[in-house]
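Okay, structure-v7.pdb now, which holds PDB, C-alpha atoms:
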ATOM      1  CA  MET P  23     109.964 120.494  83.105
ATOM      2  CA  GLU P  24     111.279 119.220  79.810
ATOM      3  CA  GLN P  25     113.512 116.574  81.366
ATOM      4  CA  GLN P  26     110.603 114.934  83.203
ATOM      5  CA  LEU P  27     108.538 114.924  80.017
ATOM      6  CA  ARG P  28     111.398 113.284  78.130
ATOM      7  CA  ALA P  29     111.660 110.682  80.890
ATOM      8  CA  LEU P  30     107.922 110.054  80.726
ATOM      9  CA  ASP P  31     108.065 109.640  76.940
ATOM     10  CA  ALA P  32     110.922 107.175  77.305
ATOM     11  CA  TYR P  33     108.991 105.169  79.892
ATOM     12  CA  VAL P  34     105.850 105.087  77.737
ATOM     13  CA  ALA P  35     107.883 103.887  74.745
ATOM     14  CA  GLN P  36     109.397 101.190  76.965
ATOM     15  CA  VAL P  37     106.118  99.774  78.311
ATOM     16  CA  ALA P  38     103.907 100.356  75.253
ATOM     17  CA  ALA P  39     105.709  97.546  73.473
ATOM     18  CA  ASP P  40     104.456  95.089  76.099
ATOM     19  CA  PRO P  41     101.074  93.556  75.139
ATOM     20  CA  ASP P  42     100.186  93.418  78.843
ATOM     21  CA  THR P  43     100.211  97.231  79.013
ATOM     22  CA  VAL P  44      96.728  98.757  78.789
ATOM     23  CA  GLY P  45      97.704 102.312  79.647
ATOM     24  CA  VAL P  46      99.936 104.756  81.462
ATOM     25  CA  VAL P  47      98.515 107.472  83.713
ATOM     26  CA  VAL P  48     100.838 110.233  84.872
ATOM     27  CA  ILE P  49     100.005 111.617  88.317
ATOM     28  CA  GLY P  50     101.588 113.874  90.922
ATOM     29  CA  SER P  51     103.548 117.033  90.266
ATOM     30  CA  VAL P  52     104.358 116.220  86.624
ATOM     31  CA  ALA P  53     100.649 115.779  85.823
ATOM     32  CA  ARG P  54      99.852 119.060  87.597
ATOM     33  CA  GLY P  55     102.762 120.951  86.054
ATOM     34  CA  THR P  56     104.247 121.767  89.468
ATOM     35  CA  GLU P  57     107.356 119.585  89.300
ATOM     36  CA  ARG P  58     110.771 120.809  90.460
ATOM     37  CA  GLU P  59     114.030 120.185  88.647
ATOM     38  CA  ASP P  60     114.744 117.093  90.777
ATOM     39  CA  SER P  61     111.189 115.723  90.861
ATOM     40  CA  ASP P  62     110.609 112.108  89.956
ATOM     41  CA  VAL P  63     107.805 111.009  87.604
ATOM     42  CA  ASP P  64     104.825 109.246  89.218
ATOM     43  CA  VAL P  65     102.648 106.947  87.129
ATOM     44  CA  TYR P  66     100.021 104.268  87.313
ATOM     45  CA  LEU P  67     100.868 101.435  84.947
ATOM     46  CA  VAL P  68      97.545  99.908  83.897
ATOM     47  CA  VAL P  69      97.913  96.305  82.776
ATOM     48  CA  THR P  70      95.695  93.451  81.683
ATOM     49  CA  ALA P  71      93.717  91.506  84.283
ATOM     50  CA  GLU P  72      96.017  88.529  83.770
ATOM     51  CA  ALA P  73      99.174  90.579  84.331
ATOM     52  CA  PHE P  74      97.629  92.209  87.381
ATOM     53  CA  ALA P  75      96.744  88.797  88.825
ATOM     54  CA  ARG P  76     100.306  87.557  88.297
ATOM     55  CA  ALA P  77     101.730  90.640  90.027
ATOM     56  CA  ALA P  78      99.246  90.262  92.886
ATOM     57  CA  ALA P  79     100.310  86.645  93.382
ATOM     58  CA  GLU P  80     103.885  87.904  93.755
ATOM     59  CA  ASP P  81     102.769  90.784  96.043
ATOM     60  CA  ARG P  82     104.248  93.246  93.550
ATOM     61  CA  TRP P  83     102.234  96.463  93.597
ATOM     62  CA  ALA P  84     104.839  99.190  93.086
ATOM     63  CA  TRP P  85     108.424  99.652  92.012
ATOM     64  CA  VAL P  86     110.965 102.142  90.676
ATOM     65  CA  ASP P  87     111.968 102.064  87.004
ATOM     66  CA  ARG P  88     114.595 103.851  84.868
ATOM     67  CA  ARG P  89     116.592 104.949  87.906
ATOM     68  CA  GLY P  90     119.188 107.553  86.849
ATOM     69  CA  LEU P  91     118.648 106.965  83.118
ATOM     70  CA  ASP P  92     116.992 110.212  82.049
ATOM     71  CA  TYR P  93     118.404 113.038  84.210
ATOM     72  CA  PRO P  94     120.398 113.273  87.461
ATOM     73  CA  ARG P  95     118.647 111.304  90.247
ATOM     74  CA  SER P  96     115.733 110.527  87.920
ATOM     75  CA  TYR P  97     113.350 107.626  88.326
ATOM     76  CA  ILE P  98     109.820 106.574  87.428
ATOM     77  CA  ASP P  99     107.732 105.773  90.519
ATOM     78  CA  VAL P 100     105.326 103.074  89.315
ATOM     79  CA  LYS P 101     102.083 101.869  90.899
ATOM     80  CA  LEU P 102     100.206  98.982  89.322
ATOM     81  CA  ALA P 103      96.523  98.868  88.390
ATOM     82  CA  ASP P 104      94.133  97.190  86.011
ATOM     83  CA  LEU P 105      90.727  98.307  84.763
ATOM     84  CA  ALA P 106      88.905  96.352  87.475
ATOM     85  CA  TYR P 107      91.038  98.124  90.111
ATOM     86  CA  LEU P 108      90.065 101.488  88.629
ATOM     87  CA  ARG P 109      86.358 100.600  88.432
ATOM     88  CA  THR P 110      86.426  99.573  92.085
ATOM     89  CA  ALA P 111      88.307 102.755  92.985
ATOM     90  CA  VAL P 112      85.492 104.836  91.466
ATOM     91  CA  ASP P 113      83.067 103.221  93.933
ATOM     92  CA  ARG P 114      85.056 102.916  97.141
ATOM     93  CA  ALA P 115      88.657 104.088  97.025
ATOM     94  CA  ASP P 116      90.017 105.851 100.083
ATOM     95  CA  ASP P 117      90.977 109.528  99.952
ATOM     96  CA  PRO P 118      94.727 109.059  99.350
ATOM     97  CA  THR P 119      93.973 106.859  96.334
ATOM     98  CA  ARG P 120      91.360 109.299  95.009
ATOM     99  CA  ALA P 121      93.669 112.239  95.625
ATOM    100  CA  SER P 122      96.455 110.535  93.683
ATOM    101  CA  PHE P 123      94.251 110.692  90.571
ATOM    102  CA  ALA P 124      93.363 114.385  90.958
ATOM    103  CA  GLY P 125      94.764 116.157  87.897
ATOM    104  CA  ALA P 126      95.974 112.857  86.408
ATOM    105  CA  ARG P 127      96.529 112.557  82.665
ATOM    106  CA  VAL P 128      96.310 109.466  80.486
ATOM    107  CA  VAL P 129      99.423 109.522  78.305
ATOM    108  CA  PHE P 130      98.998 106.119  76.677
ATOM    109  CA  SER P 131      95.926 103.940  76.367
ATOM    110  CA  ARG P 132      94.564 100.892  74.595
ATOM    111  CA  SER P 133      91.218 101.265  76.398
ATOM    112  CA  ASP P 134      88.308 103.575  75.570
ATOM    113  CA  GLU P 135      87.288 103.353  79.244
ATOM    114  CA  LEU P 136      90.528 104.440  80.881
ATOM    115  CA  ALA P 137      90.239 108.235  80.681
ATOM    116  CA  MET P 138      86.663 108.181  82.006
ATOM    117  CA  LEU P 139      87.620 106.018  84.977
ATOM    118  CA  VAL P 140      90.599 108.213  85.852
ATOM    119  CA  GLU P 141      88.394 111.310  85.894
ATOM    120  CA  LYS P 142      85.679 109.682  88.019
ATOM    121  CA  ILE P 143      87.991 108.401  90.758
ATOM    122  CA  SER P 144      88.753 111.873  92.111
ATOM    123  CA  THR P 145      85.146 113.101  91.850
ATOM    124  CA  LEU P 146      82.642 112.755  94.721
ATOM    125  CA  GLY P 147      79.014 113.873  94.833
ATOM    126  CA  ASP P 148      77.594 116.443  97.241
ATOM    127  CA  ASP P 149      75.789 113.707  99.188
ATOM    128  CA  VAL P 150      79.061 111.869  99.748
ATOM    129  CA  TRP P 151      80.760 115.017 101.021
ATOM    130  CA  ALA P 152      77.839 115.662 103.383
ATOM    131  CA  GLY P 153      78.174 112.128 104.728
ATOM    132  CA  ARG P 154      81.904 112.655 105.204
ATOM    133  CA  ILE P 155      81.249 115.773 107.286
ATOM    134  CA  ARG P 156      78.762 113.872 109.439
ATOM    135  CA  SER P 157      81.234 111.041 110.013
ATOM    136  CA  HIS P 158      84.141 113.322 110.884
ATOM    137  CA  ILE P 159      82.010 115.386 113.256
ATOM    138  CA  ALA P 160      81.116 112.131 115.021
ATOM    139  CA  GLN P 161      84.811 111.246 115.271
ATOM    140  CA  ALA P 162      85.533 114.658 116.788
ATOM    141  CA  HIS P 163      82.692 114.363 119.311
ATOM    142  CA  LEU P 164      83.792 110.951 120.565
ATOM    143  CA  HIS P 165      87.556 111.448 120.544
ATOM    144  CA  GLY P 166      87.439 114.996 121.882
ATOM    145  CA  GLY P 167      84.412 114.801 124.134
ATOM    146  CA  TYR P 168      84.631 111.263 125.527
ATOM    147  CA  PHE P 169      88.003 109.574 125.111
ATOM    148  CA  LEU P 170      90.041 112.687 125.828
ATOM    149  CA  ARG P 171      88.016 113.405 128.944
ATOM    150  CA  GLN P 172      88.593 109.827 130.128
ATOM    151  CA  ALA P 173      92.309 110.231 129.470
ATOM    152  CA  GLU P 174      92.537 113.277 131.706
ATOM    153  CA  GLU P 175      90.414 111.717 134.424
ATOM    154  CA  ARG P 176      92.515 108.526 134.441
ATOM    155  CA  GLY P 177      95.863 110.202 133.935
ATOM    156  CA  ASP P 178      96.424 108.063 130.836
ATOM    157  CA  PRO P 179      99.104 109.767 128.697
ATOM    158  CA  PHE P 180      98.753 107.416 125.746
ATOM    159  CA  LEU P 181      94.982 107.831 125.524
ATOM    160  CA  LEU P 182      95.425 111.593 125.839
ATOM    161  CA  GLN P 183      97.741 111.720 122.821
ATOM    162  CA  HIS P 184      95.645 109.230 120.867
ATOM    163  CA  ALA P 185      92.404 111.131 121.451
ATOM    164  CA  GLY P 186      94.038 114.475 120.711
ATOM    165  CA  VAL P 187      95.518 113.324 117.401
ATOM    166  CA  HIS P 188      92.249 111.708 116.332
ATOM    167  CA  LEU P 189      90.264 114.808 117.295
ATOM    168  CA  ALA P 190      92.623 117.011 115.300
ATOM    169  CA  LEU P 191      92.463 114.680 112.302
ATOM    170  CA  ALA P 192      88.655 114.508 112.430
ATOM    171  CA  ALA P 193      88.279 118.293 112.707
ATOM    172  CA  ALA P 194      90.700 118.845 109.839
ATOM    173  CA  ARG P 195      88.955 116.294 107.654
ATOM    174  CA  ALA P 196      85.561 117.844 108.372
ATOM    175  CA  ALA P 197      87.024 121.163 107.220
ATOM    176  CA  LEU P 198      88.448 119.557 104.084
ATOM    177  CA  ALA P 199      85.154 117.818 103.328
ATOM    178  CA  SER P 200      83.286 121.102 103.666
ATOM    179  CA  ALA P 201      85.555 122.475 100.928
ATOM    180  CA  HIS P 202      85.280 119.267  98.847
ATOM    181  CA  ARG P 203      89.002 118.618  99.253
ATOM    182  CA  LEU P 204      90.403 115.105  99.270
ATOM    183  CA  MET P 205      92.932 114.151 101.944
ATOM    184  CA  PRO P 206      96.085 112.843 100.204
ATOM    185  CA  GLY P 207      97.718 111.706 103.461
ATOM    186  CA  PRO P 208      98.524 112.768 107.031
ATOM    187  CA  LYS P 209     101.715 114.584 106.019
ATOM    188  CA  TYR P 210      99.593 117.155 104.173
ATOM    189  CA  ILE P 211      97.053 117.871 106.938
ATOM    190  CA  HIS P 212      98.975 120.680 108.673
ATOM    191  CA  ARG P 213      99.170 122.616 105.394
ATOM    192  CA  LEU P 214      95.709 121.800 104.060
ATOM    193  CA  VAL P 215      93.858 122.825 107.220
ATOM    194  CA  ARG P 216      95.289 126.283 106.622
ATOM    195  CA  GLU P 217      94.345 126.388 102.950
ATOM    196  CA  VAL P 218      90.635 125.574 103.123
ATOM    197  CA  PRO P 219      88.060 128.156 104.259
ATOM    198  CA  SER P 220      87.228 128.001 107.978
ATOM    199  CA  PRO P 221      85.720 130.320 110.597
ATOM    200  CA  GLY P 222      87.837 132.662 112.676
ATOM    201  CA  GLY P 223      89.735 130.913 115.439
ATOM    202  CA  PHE P 224      89.414 127.424 113.948
ATOM    203  CA  VAL P 225      93.043 126.998 112.901
ATOM    204  CA  ALA P 226      94.335 128.453 116.172
ATOM    205  CA  ALA P 227      92.096 126.085 118.168
ATOM    206  CA  TRP P 228      93.238 123.189 115.960
ATOM    207  CA  ASP P 229      96.887 124.063 116.566
ATOM    208  CA  ALA P 230      96.240 124.208 120.328
ATOM    209  CA  VAL P 231      94.865 120.651 120.343
ATOM    210  CA  VAL P 232      97.847 119.387 118.343
ATOM    211  CA  ALA P 233     100.319 121.132 120.664
ATOM    212  CA  ALA P 234      98.636 120.330 123.995
ATOM    213  CA  PRO P 235      95.578 118.072 123.947
ATOM    214  CA  SER P 236      93.350 118.664 126.968
ATOM    215  CA  ILE P 237      89.700 119.022 127.883
ATOM    216  CA  ALA P 238      90.067 122.792 127.552
ATOM    217  CA  THR P 239      91.689 122.814 124.095
ATOM    218  CA  ALA P 240      89.385 120.058 122.836
ATOM    219  CA  THR P 241      86.272 121.865 124.043
ATOM    220  CA  ALA P 242      87.347 125.084 122.340
ATOM    221  CA  LEU P 243      87.907 123.327 119.008
ATOM    222  CA  ILE P 244      84.685 121.300 119.149
ATOM    223  CA  GLU P 245      82.629 124.390 119.966
ATOM    224  CA  ILE P 246      83.881 126.123 116.821
ATOM    225  CA  LEU P 247      83.417 122.963 114.763
ATOM    226  CA  ASP P 248      79.875 122.436 116.015
ATOM    227  CA  ASP P 249      78.847 126.016 115.394
ATOM    228  CA  TRP P 250      80.268 125.755 111.881
ATOM    229  CA  LEU P 251      79.422 122.248 110.636
ATOM    230  CA  GLY P 252      77.847 120.193 113.417
ATOM    231  CA  ARG P 253      75.104 122.424 114.771
ATOM    232  CA  ASP P 254      72.324 119.927 113.951
ATOM    233  CA  GLN P 255      74.196 116.764 114.987
ATOM    234  CA  THR P 256      73.445 115.627 118.544
ATOM    235  CA  ARG P 257      75.840 113.615 120.660
ATOM    236  CA  ASP P 258      73.509 110.589 120.476
ATOM    237  CA  GLU P 259      73.529 110.818 116.690
ATOM    238  CA  SER P 260      77.303 111.076 116.723
ATOM    239  CA  LEU P 261      77.544 107.991 118.930
ATOM    240  CA  SER P 262      75.543 105.921 116.437
ATOM    241  CA  VAL P 263      77.540 107.234 113.473
ATOM    242  CA  PHE P 264      80.804 106.544 115.325
ATOM    243  CA  ILE P 265      79.738 102.968 116.140
ATOM    244  CA  ARG P 266      78.651 102.437 112.539
ATOM    245  CA  ASP P 267      81.881 103.815 111.092
ATOM    246  CA  ASN P 268      84.294 102.216 113.556
ATOM    247  CA  GLU P 269      83.026  99.249 115.525
ATOM    248  CA  LEU P 270      80.786  97.928 112.741
ATOM    249  CA  ALA P 271      83.156  98.519 109.825
ATOM    250  CA  TRP P 272      84.082  94.826 109.823
ATOM    251  CA  LEU P 273      80.393  93.880 109.552
ATOM    252  CA  ARG P 274      79.572  96.402 106.826
ATOM    253  CA  GLY P 275      82.630  95.669 104.709
ATOM    254  CA  THR P 276      83.857  99.254 105.013
ATOM    255  CA  ILE P 277      86.825 100.988 106.637
ATOM    256  CA  PRO P 278      86.854 103.275 109.712
ATOM    257  CA  ALA P 279      86.112 106.935 109.032
ATOM    258  CA  GLU P 280      89.674 108.128 109.620
ATOM    259  CA  TYR P 281      90.735 105.975 106.644
ATOM    260  CA  PHE P 282      88.010 107.186 104.225
TER     261      PHE P 282
END

In structure tokens, how does this file's structure come out?
Amino acid sequence: MEQQLRALDAYVAQVAADPDTVGVVVIGSVARGTEREDSDVDVYLVVTAEAFARAAAEDRWAWVDRRGLDYPRSYIDVKLADLAYLRTAVDRADDPTRASFAGARVVFSRSDELAMLVEKISTLGDDVWAGRIRSHIAQAHLHGGYFLRQAEERGDPFLLQHAGVHLALAAARAALASAHRLMPGPKYIHRLVREVPSPGGFVAAWDAVVAAPSIATATALIEILDDWLGRDQTRDESLSVFIRDNELAWLRGTIPAEYF
């Protein structure tokens, strides 16, 4: 809407005068053109390496600017980055970070590299998506076929809920990966699992696990998932992938699969 664009222009004029500013990247609903009348404006403020280091030393990564200055309840939601941050994000950012750059637009730049980096962050190759599916299938096999079974056998209510949530998350993320969709955060999963293509009965089985995790509901969901995406992945293979992605993440310098 026009008021958000005016607010964005005012913010760019404000920060462009600072020699530490390398660029401004608008993200979120304003970048996608889906903003509501009361939407805020989300941006990445890209600064010099020196300014980024100073902010990091102060543990200052995000803030709100121009609160109430541009339209009723307006504000600019700012996240900080520098070019090195963006280069690293291209290689190994998690899904929420990558998803935040989907549809992003560079609205101010002093760098020839900035627009290219922004585009690359939200783009993954087919081999990466295939690896994601493999990892999430492994998560589903272990949480739904091992930990959840132990929870029922031991009468452990915490483990039951934990395994059920992790099974549901893994199954949903396998579905998203099959559609090459990034996961912007857990609050979007319930909607996204309904938006991506999936076989008949998948969403109903997923909902059943979320509502009442049990051996029966887990088995029903995993059977559909295996027939769809995990047909060639044995339980032994899943065990090794699960160990690699979870227990050995500290050794490999990675993060567990649920945080990809």

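The gap separating atom CA of P:Pro208 from atom CA of P:Gly125 is 19.8 Å, in Å to one decimal.
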
If we count all atoms listed in the file, what is near P:Tyr33 at a cut-off of 10 Å, once residues fewer than 3 positions away on the same chain are taken out, given as a ChimeraX atom specification?
/P:27-30,36-38,46,63,65,87-88,92,97-98

Export, as a PDB file, keeping the file's coordinate frame, the selected residues with C-alpha atoms.
ATOM      1  CA  LEU P  27     108.538 114.924  80.017  1.00  0.00           C
ATOM      2  CA  ARG P  28     111.398 113.284  78.130  1.00  0.00           C
ATOM      3  CA  ALA P  29     111.660 110.682  80.890  1.00  0.00           C
ATOM      4  CA  LEU P  30     107.922 110.054  80.726  1.00  0.00           C
ATOM      5  CA  GLN P  36     109.397 101.190  76.965  1.00  0.00           C
ATOM      6  CA  VAL P  37     106.118  99.774  78.311  1.00  0.00           C
ATOM      7  CA  ALA P  38     103.907 100.356  75.253  1.00  0.00           C
ATOM      8  CA  VAL P  46      99.936 104.756  81.462  1.00  0.00           C
ATOM      9  CA  VAL P  63     107.805 111.009  87.604  1.00  0.00           C
ATOM     10  CA  VAL P  65     102.648 106.947  87.129  1.00  0.00           C
ATOM     11  CA  ASP P  87     111.968 102.064  87.004  1.00  0.00           C
ATOM     12  CA  ARG P  88     114.595 103.851  84.868  1.00  0.00           C
ATOM     13  CA  ASP P  92     116.992 110.212  82.049  1.00  0.00           C
ATOM     14  CA  TYR P  97     113.350 107.626  88.326  1.00  0.00           C
ATOM     15  CA  ILE P  98     109.820 106.574  87.428  1.00  0.00           C
TER      16      ILE P  98
END

On this structure, which residues satisfy the PyMOL selection byres ((chain P and resi 214) around 10), written as a list in words?
Ala194, Arg195, Ala197, Leu198, Arg203, Leu204, Met205, Pro206, Pro208, Lys209, Tyr210, Ile211, His212, Arg213, Val215, Arg216, Glu217, Val218 and Pro219 of chain P

Test item: the PyMOL selection byres ((chain P and resi 250) around 10) resolved as a ChimeraX atom specification
/P:197,200,220-221,224,244-249,251-253

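Once the PyMOL selection byres ((chain P and resi 192) around 7) is applied to the shown structure, the selection contains P:His158, P:Ile159, P:Gln161, P:Ala162, P:His188, P:Leu189, P:Ala190, P:Leu191, P:Ala193, P:Ala194, P:Arg195, P:Ala196.
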
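The nearest approach to P:Glu24 among the residues P:Tyr93, P:Phe282, P:Phe264, P:Phe169, with all atoms listed in the file taken into account, belongs to P:Tyr93.
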
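Among the candidates P:Thr241, P:Ser96, P:Ser236, P:Ser131, the residue lying nearest to P:Gln26 is P:Ser96 (atoms considered: all atoms listed in the file).
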
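One distance worth recording is that between atom CA of P:Glu59 and atom CA of P:Met23, which is 6.9 Å.
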
Ranking P:Ser262, P:Thr256, P:Thr239, P:Ser122 by minimum distance to P:Ile49 and counting only C-alpha atoms, which one comes first?
P:Ser122

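Going from atom CA of P:Arg176 over to atom CA of P:Arg257, you cover 22.2 Å.
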
Padded axis-aligned box of stretch 124-136 of chain P (4 Å per side), centre and edge lengths, Å, one decimal, as JSON:
{"center_x": 93.4, "center_y": 108.5, "center_z": 82.8, "size_x": 20.1, "size_y": 23.3, "size_z": 24.4}

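Minimum distance to P:Ala233 across P:Gln255, P:Ser157, P:Gln25, P:Gln183 (counting all atoms listed in the file) occurs at P:Gln183.
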
Could you complete stretch 235-252 of chain P so that it carries N, CA and C atoms, and give it back as a compact mmCIF listing (two decimals), in the coordinates of the input?
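Contents of the output file result29.txt:
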# COMPACT_ATOMS: atom_id res chain seq x y z
N PRO P 235 96.94 118.58 123.81
CA PRO P 235 95.58 118.07 123.95
C PRO P 235 95.12 118.07 125.40
N SER P 236 93.92 118.60 125.63
CA SER P 236 93.35 118.66 126.97
C SER P 236 91.86 118.87 126.82
N ILE P 237 91.13 118.74 127.93
CA ILE P 237 89.70 119.02 127.88
C ILE P 237 89.46 120.45 127.41
N ALA P 238 90.26 121.37 127.89
CA ALA P 238 90.07 122.79 127.55
C ALA P 238 90.29 123.05 126.06
N THR P 239 91.42 122.55 125.51
CA THR P 239 91.69 122.81 124.10
C THR P 239 90.71 122.05 123.20
N ALA P 240 90.34 120.84 123.62
CA ALA P 240 89.38 120.06 122.84
C ALA P 240 88.02 120.73 122.81
N THR P 241 87.58 121.20 123.96
CA THR P 241 86.27 121.86 124.04
C THR P 241 86.23 123.10 123.16
N ALA P 242 87.30 123.87 123.16
CA ALA P 242 87.35 125.08 122.34
C ALA P 242 87.24 124.75 120.85
N LEU P 243 87.95 123.71 120.42
CA LEU P 243 87.91 123.33 119.01
C LEU P 243 86.54 122.78 118.63
N ILE P 244 85.98 121.91 119.47
CA ILE P 244 84.68 121.30 119.15
C ILE P 244 83.58 122.35 119.12
N GLU P 245 83.65 123.33 119.98
CA GLU P 245 82.63 124.39 119.97
C GLU P 245 82.63 125.14 118.63
N ILE P 246 83.80 125.45 118.13
CA ILE P 246 83.88 126.12 116.82
C ILE P 246 83.39 125.19 115.72
N LEU P 247 83.81 123.94 115.77
CA LEU P 247 83.42 122.96 114.76
C LEU P 247 81.91 122.75 114.75
N ASP P 248 81.32 122.64 115.93
CA ASP P 248 79.88 122.44 116.02
C ASP P 248 79.11 123.64 115.48
N ASP P 249 79.55 124.82 115.85
CA ASP P 249 78.85 126.02 115.39
C ASP P 249 78.95 126.17 113.89
N TRP P 250 80.02 125.64 113.32
CA TRP P 250 80.27 125.76 111.88
C TRP P 250 79.58 124.64 111.09
N LEU P 251 79.86 123.37 111.47
CA LEU P 251 79.42 122.25 110.64
C LEU P 251 78.55 121.22 111.36
N GLY P 252 78.54 121.25 112.69
CA GLY P 252 77.85 120.19 113.42
C GLY P 252 76.68 120.65 114.26
